[in-house]
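Colleague: Just so it is clear, I am handing over protein_3.pdb, which has PDB, C-alpha atoms.
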```
ATOM      1  CA  MET V  18      67.338  94.563  61.401  1.00  0.00           C
ATOM      2  CA  LEU V  19      67.810  92.181  64.307  1.00  0.00           C
ATOM      3  CA  ASP V  20      66.651  88.623  63.695  1.00  0.00           C
ATOM      4  CA  ASP V  21      64.940  87.680  67.002  1.00  0.00           C
ATOM      5  CA  SER V  22      65.247  83.960  66.210  1.00  0.00           C
ATOM      6  CA  LEU V  23      69.019  84.395  66.522  1.00  0.00           C
ATOM      7  CA  LEU V  24      68.614  84.900  70.273  1.00  0.00           C
ATOM      8  CA  ASP V  25      67.075  81.446  70.675  1.00  0.00           C
ATOM      9  CA  ASP V  26      69.860  79.569  68.855  1.00  0.00           C
ATOM     10  CA  GLN V  27      73.065  79.425  70.926  1.00  0.00           C
ATOM     11  CA  SER V  28      75.313  78.236  68.109  1.00  0.00           C
ATOM     12  CA  ARG V  29      74.102  80.920  65.662  1.00  0.00           C
ATOM     13  CA  LEU V  30      74.426  83.544  68.365  1.00  0.00           C
ATOM     14  CA  THR V  31      78.008  82.480  69.114  1.00  0.00           C
ATOM     15  CA  ASP V  32      78.867  82.530  65.396  1.00  0.00           C
ATOM     16  CA  ALA V  33      77.374  85.996  64.967  1.00  0.00           C
ATOM     17  CA  ASP V  34      79.241  87.420  67.950  1.00  0.00           C
ATOM     18  CA  ARG V  35      82.746  87.119  66.488  1.00  0.00           C
ATOM     19  CA  GLU V  36      84.372  89.589  68.911  1.00  0.00           C
ATOM     20  CA  GLY V  37      82.673  88.288  72.068  1.00  0.00           C
ATOM     21  CA  LEU V  38      80.865  91.555  72.733  1.00  0.00           C
ATOM     22  CA  LEU V  39      77.652  89.899  73.915  1.00  0.00           C
ATOM     23  CA  ARG V  40      79.476  87.908  76.577  1.00  0.00           C
ATOM     24  CA  ALA V  41      81.377  91.012  77.688  1.00  0.00           C
ATOM     25  CA  ALA V  42      78.144  93.031  77.868  1.00  0.00           C
ATOM     26  CA  ALA V  43      76.467  90.266  79.869  1.00  0.00           C
ATOM     27  CA  ARG V  44      79.294  90.322  82.413  1.00  0.00           C
ATOM     28  CA  ALA V  45      79.586  94.112  82.601  1.00  0.00           C
ATOM     29  CA  GLY V  46      76.595  94.585  84.904  1.00  0.00           C
ATOM     30  CA  ALA V  47      78.020  92.226  87.507  1.00  0.00           C
ATOM     31  CA  GLN V  48      81.410  93.941  87.303  1.00  0.00           C
ATOM     32  CA  VAL V  49      79.852  97.370  87.809  1.00  0.00           C
ATOM     33  CA  ARG V  50      77.810  96.140  90.796  1.00  0.00           C
ATOM     34  CA  SER V  51      80.903  94.521  92.305  1.00  0.00           C
ATOM     35  CA  ALA V  52      82.969  97.694  91.848  1.00  0.00           C
ATOM     36  CA  ALA V  53      80.202  99.819  93.377  1.00  0.00           C
ATOM     37  CA  GLU V  54      79.925  97.505  96.399  1.00  0.00           C
ATOM     38  CA  THR V  55      83.690  97.496  96.912  1.00  0.00           C
ATOM     39  CA  ALA V  56      83.830 101.296  96.619  1.00  0.00           C
ATOM     40  CA  ALA V  57      81.063 101.604  99.220  1.00  0.00           C
ATOM     41  CA  GLU V  58      82.865  99.216 101.593  1.00  0.00           C
ATOM     42  CA  LEU V  59      86.086 101.221 101.265  1.00  0.00           C
ATOM     43  CA  GLY V  60      84.336 104.533 101.861  1.00  0.00           C
ATOM     44  CA  VAL V  61      85.147 106.069  98.486  1.00  0.00           C
ATOM     45  CA  ASP V  62      82.121 108.350  98.835  1.00  0.00           C
ATOM     46  CA  ARG V  63      83.985 110.208 101.617  1.00  0.00           C
ATOM     47  CA  VAL V  64      86.411 111.501  98.983  1.00  0.00           C
ATOM     48  CA  PHE V  65      83.565 113.461  97.441  1.00  0.00           C
ATOM     49  CA  GLU V  66      81.732 114.612 100.602  1.00  0.00           C
ATOM     50  CA  GLU V  67      82.647 118.226  99.877  1.00  0.00           C
ATOM     51  CA  ARG V  68      82.784 119.804  96.461  1.00  0.00           C
ATOM     52  CA  PRO V  69      86.438 120.002  95.390  1.00  0.00           C
ATOM     53  CA  ARG V  70      88.106 122.970  93.748  1.00  0.00           C
ATOM     54  CA  ALA V  71      89.314 120.691  90.942  1.00  0.00           C
ATOM     55  CA  LEU V  72      89.308 117.036  89.943  1.00  0.00           C
ATOM     56  CA  VAL V  73      92.784 115.977  88.827  1.00  0.00           C
ATOM     57  CA  LEU V  74      93.076 112.779  86.788  1.00  0.00           C
ATOM     58  CA  ILE V  75      96.613 111.412  86.719  1.00  0.00           C
ATOM     59  CA  THR V  76      97.388 109.373  83.608  1.00  0.00           C
ATOM     60  CA  ARG V  77     100.123 106.784  83.542  1.00  0.00           C
ATOM     61  CA  PRO V  78     101.111 104.223  80.910  1.00  0.00           C
ATOM     62  CA  GLY V  79      98.395 101.675  80.246  1.00  0.00           C
ATOM     63  CA  VAL V  80      94.679 102.382  80.316  1.00  0.00           C
ATOM     64  CA  GLY V  81      94.977 105.532  82.448  1.00  0.00           C
ATOM     65  CA  ALA V  82      94.800 107.947  79.512  1.00  0.00           C
ATOM     66  CA  SER V  83      91.790 106.165  78.021  1.00  0.00           C
ATOM     67  CA  VAL V  84      89.985 106.108  81.357  1.00  0.00           C
ATOM     68  CA  ALA V  85      90.739 109.799  81.908  1.00  0.00           C
ATOM     69  CA  GLY V  86      89.361 110.594  78.462  1.00  0.00           C
ATOM     70  CA  MET V  87      86.208 108.598  79.161  1.00  0.00           C
ATOM     71  CA  VAL V  88      85.679 110.226  82.578  1.00  0.00           C
ATOM     72  CA  THR V  89      86.228 113.683  81.099  1.00  0.00           C
ATOM     73  CA  ALA V  90      83.739 112.941  78.317  1.00  0.00           C
ATOM     74  CA  LEU V  91      81.159 111.563  80.768  1.00  0.00           C
ATOM     75  CA  LEU V  92      81.456 114.573  83.052  1.00  0.00           C
ATOM     76  CA  GLY V  93      81.344 116.923  80.093  1.00  0.00           C
ATOM     77  CA  PRO V  94      81.104 120.679  80.195  1.00  0.00           C
ATOM     78  CA  ARG V  95      78.412 120.566  82.883  1.00  0.00           C
ATOM     79  CA  CYS V  96      80.821 119.307  85.529  1.00  0.00           C
ATOM     80  CA  PRO V  97      80.672 121.842  88.397  1.00  0.00           C
ATOM     81  CA  VAL V  98      84.459 121.747  88.892  1.00  0.00           C
ATOM     82  CA  PRO V  99      87.399 121.888  86.488  1.00  0.00           C
ATOM     83  CA  VAL V 100      88.696 118.495  85.367  1.00  0.00           C
ATOM     84  CA  VAL V 101      92.456 118.469  84.838  1.00  0.00           C
ATOM     85  CA  VAL V 102      94.250 115.595  83.113  1.00  0.00           C
ATOM     86  CA  ALA V 103      97.988 115.412  83.803  1.00  0.00           C
ATOM     87  CA  ASP V 104     100.909 112.965  83.880  1.00  0.00           C
ATOM     88  CA  ASP V 105     101.938 114.167  87.346  1.00  0.00           C
ATOM     89  CA  VAL V 106     100.254 116.053  90.169  1.00  0.00           C
ATOM     90  CA  PRO V 107     100.304 119.761  89.225  1.00  0.00           C
ATOM     91  CA  THR V 108     102.261 122.125  91.477  1.00  0.00           C
ATOM     92  CA  TRP V 109      99.082 123.939  92.566  1.00  0.00           C
ATOM     93  CA  VAL V 110      97.269 120.850  93.989  1.00  0.00           C
ATOM     94  CA  GLY V 111      96.236 121.279  97.602  1.00  0.00           C
ATOM     95  CA  ALA V 112      93.672 120.445 100.259  1.00  0.00           C
ATOM     96  CA  LEU V 113      90.736 121.632  98.167  1.00  0.00           C
ATOM     97  CA  ASP V 114      91.402 119.188  95.314  1.00  0.00           C
ATOM     98  CA  VAL V 115      90.640 115.551  94.555  1.00  0.00           C
ATOM     99  CA  VAL V 116      93.309 113.510  92.776  1.00  0.00           C
ATOM    100  CA  LEU V 117      92.335 110.279  91.014  1.00  0.00           C
ATOM    101  CA  ALA V 118      95.052 107.992  89.687  1.00  0.00           C
ATOM    102  CA  HIS V 119      95.214 104.505  88.230  1.00  0.00           C
ATOM    103  CA  THR V 120      98.225 102.332  87.551  1.00  0.00           C
ATOM    104  CA  GLU V 121      98.870  98.896  86.181  1.00  0.00           C
ATOM    105  CA  ASP V 122     102.487  99.007  87.317  1.00  0.00           C
ATOM    106  CA  PRO V 123     103.038  98.466  91.053  1.00  0.00           C
ATOM    107  CA  GLY V 124     106.580  99.801  90.635  1.00  0.00           C
ATOM    108  CA  ASP V 125     105.552 103.129  89.069  1.00  0.00           C
ATOM    109  CA  VAL V 126     107.872 105.443  91.020  1.00  0.00           C
ATOM    110  CA  ARG V 127     106.698 108.584  89.212  1.00  0.00           C
ATOM    111  CA  LEU V 128     103.088 107.922  90.197  1.00  0.00           C
ATOM    112  CA  ALA V 129     104.084 107.059  93.760  1.00  0.00           C
ATOM    113  CA  GLU V 130     105.905 110.388  94.060  1.00  0.00           C
ATOM    114  CA  SER V 131     102.899 112.255  92.615  1.00  0.00           C
ATOM    115  CA  VAL V 132     100.446 110.593  94.985  1.00  0.00           C
ATOM    116  CA  ASP V 133     102.774 111.234  97.920  1.00  0.00           C
ATOM    117  CA  ARG V 134     103.088 114.912  96.964  1.00  0.00           C
ATOM    118  CA  ALA V 135      99.304 115.273  96.667  1.00  0.00           C
ATOM    119  CA  GLY V 136      98.796 113.595 100.039  1.00  0.00           C
ATOM    120  CA  ARG V 137     101.379 115.801 101.750  1.00  0.00           C
ATOM    121  CA  ARG V 138      99.602 118.857 100.358  1.00  0.00           C
ATOM    122  CA  GLY V 139      96.329 117.632 101.859  1.00  0.00           C
ATOM    123  CA  ALA V 140      94.547 116.657  98.630  1.00  0.00           C
ATOM    124  CA  ARG V 141      91.994 113.870  98.760  1.00  0.00           C
ATOM    125  CA  VAL V 142      93.574 111.009  96.817  1.00  0.00           C
ATOM    126  CA  LEU V 143      91.993 107.931  95.291  1.00  0.00           C
ATOM    127  CA  LEU V 144      94.396 105.399  93.772  1.00  0.00           C
ATOM    128  CA  THR V 145      93.397 102.253  91.916  1.00  0.00           C
ATOM    129  CA  GLY V 146      95.583  99.527  90.541  1.00  0.00           C
TER
END
```
I'd like the structure from this file rewritten - as structure tokens, please.

Modeller:
Amino acid sequence: MLDDSLLDDQSRLTDADREGLLRAAARAGAQVRSAAETAAELGVDRVFEERPRALVLITRPGVGASVAGMVTALLGPRCPVPVVVADDVPTWVGALDVVLAHTEDPGDVRLAESVDRAGRRGARVLLTG
């Protein structure tokens, strides 16, 4: 049971939040709004103007695999298109597909080659870093 008086006492609240989850949750809303505004400014919505044949999530070392797992779980079985998780762009990717990739390594040659291959085949590509 939550003790409401805890919310009024900053020192008790800080002591109770050993992992800093409350502070992270308080900041999350601003981060989501900022990401949404940036995506709108960059025209990310154009990537999804037409329904793709498949959504390909490229995973690279770092958080990519976790993010792909979360996106796949959020989309779930009701997603109107197949969601494919792969380390590299599959050989069948083409102009009807959307490829999403994230990297934490600006020197990731394997990812650069995959993104280049997808772009040359006409796929809509969204890369974050």

Colleague: Please identify all polymer residues within 7 Å of region 81-90 of chain V, counting all atoms listed in the file, omitting same-chain residues fewer than 3 positions from it, and present them as a PDB file with C-alpha atoms, in the coordinates of the input.

Modeller:
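Result written to out-v7.pdb:
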```pdb
ATOM      1  CA  LEU V  74      93.076 112.779  86.788  1.00  0.00           C
ATOM      2  CA  THR V  76      97.388 109.373  83.608  1.00  0.00           C
ATOM      3  CA  ARG V  77     100.123 106.784  83.542  1.00  0.00           C
ATOM      4  CA  PRO V  78     101.111 104.223  80.910  1.00  0.00           C
ATOM      5  CA  GLY V  93      81.344 116.923  80.093  1.00  0.00           C
ATOM      6  CA  VAL V 100      88.696 118.495  85.367  1.00  0.00           C
ATOM      7  CA  VAL V 102      94.250 115.595  83.113  1.00  0.00           C
ATOM      8  CA  HIS V 119      95.214 104.505  88.230  1.00  0.00           C
ATOM      9  CA  THR V 120      98.225 102.332  87.551  1.00  0.00           C
TER      10      THR V 120
END
```

Colleague: For the PyMOL selection byres ((chain V and resi 134) around 10), applied here, can you spell out every residue it catches as a list in words?

Modeller: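 Checked against the file, the PyMOL selection byres ((chain V and resi 134) around 10) matches Asp105, Val106, Pro107, Thr108, Val110, Gly111, Leu128, Ala129, Glu130, Ser131, Val132, Asp133, Ala135, Gly136, Arg137, Arg138, Gly139 and Ala140 of chain V.
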
Colleague: Which residue is closest to Gly146 (chain V)? Choose from V:Gln48, V:Val73, V:Ala112, V:Gly79 and count only C-alpha atoms.

Modeller: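 Going through V:Gln48, V:Val73, V:Ala112, V:Gly79 one by one, the smallest distance to Gly146 (chain V) is for V:Gly79.
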
Colleague: So what do you get for CA of Arg44 (chain V) versus CA of Thr145 (chain V), distance-wise?

Modeller: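 So the two atoms, CA of Arg44 (chain V) and CA of Thr145 (chain V), lie 20.8 Å apart.
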
Colleague: Just how far from CA of Ala41 (chain V) is CA of Leu24 (chain V), in Å to one decimal?

Modeller: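 Rounded to one decimal, the two atoms are 16.0 Å apart.
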
Colleague: What residues come out when you apply the PyMOL selection byres ((chain V and resi 117) around 8) to this file, written as an mmCIF file with C-alpha atoms, in the frame of the given file?

Modeller:
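The result, stored in part26.cif:
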```cif
data_model
loop_
_atom_site.group_PDB
_atom_site.id
_atom_site.type_symbol
_atom_site.label_atom_id
_atom_site.label_comp_id
_atom_site.auth_asym_id
_atom_site.auth_seq_id
_atom_site.Cartn_x
_atom_site.Cartn_y
_atom_site.Cartn_z
ATOM 1 C CA LEU V 72 89.308 117.036 89.943
ATOM 2 C CA VAL V 73 92.784 115.977 88.827
ATOM 3 C CA LEU V 74 93.076 112.779 86.788
ATOM 4 C CA ILE V 75 96.613 111.412 86.719
ATOM 5 C CA VAL V 115 90.640 115.551 94.555
ATOM 6 C CA VAL V 116 93.309 113.510 92.776
ATOM 7 C CA ALA V 118 95.052 107.992 89.687
ATOM 8 C CA HIS V 119 95.214 104.505 88.230
ATOM 9 C CA VAL V 142 93.574 111.009 96.817
ATOM 10 C CA LEU V 143 91.993 107.931 95.291
ATOM 11 C CA LEU V 144 94.396 105.399 93.772
#
```

Colleague: How many Å lie between CA of Asp114 (chain V) and CA of Val61 (chain V), rounded to one decimal?

Modeller: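 That distance, rounded to one decimal, is 14.9 Å.
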
Colleague: If I wrap all listed atoms of region 100-118 of chain V in a box with edges along x, y and z and add 8 Å on each side, what are its centre and edge lengths in Å to one decimal, as lines of an AutoDock Vina configuration file?

Modeller:
```
center_x = 95.5
center_y = 116.0
center_z = 91.7
size_x = 29.6
size_y = 31.9
size_z = 33.1
```

Colleague: I need the residue nearest Val80 (chain V) from this list: V:Asp62, V:Leu38, V:Asp122, V:Arg127. Use only C-alpha atoms for the distance.

Modeller: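 Among V:Asp62, V:Leu38, V:Asp122, V:Arg127, it is V:Asp122 that comes nearest to Val80 (chain V).
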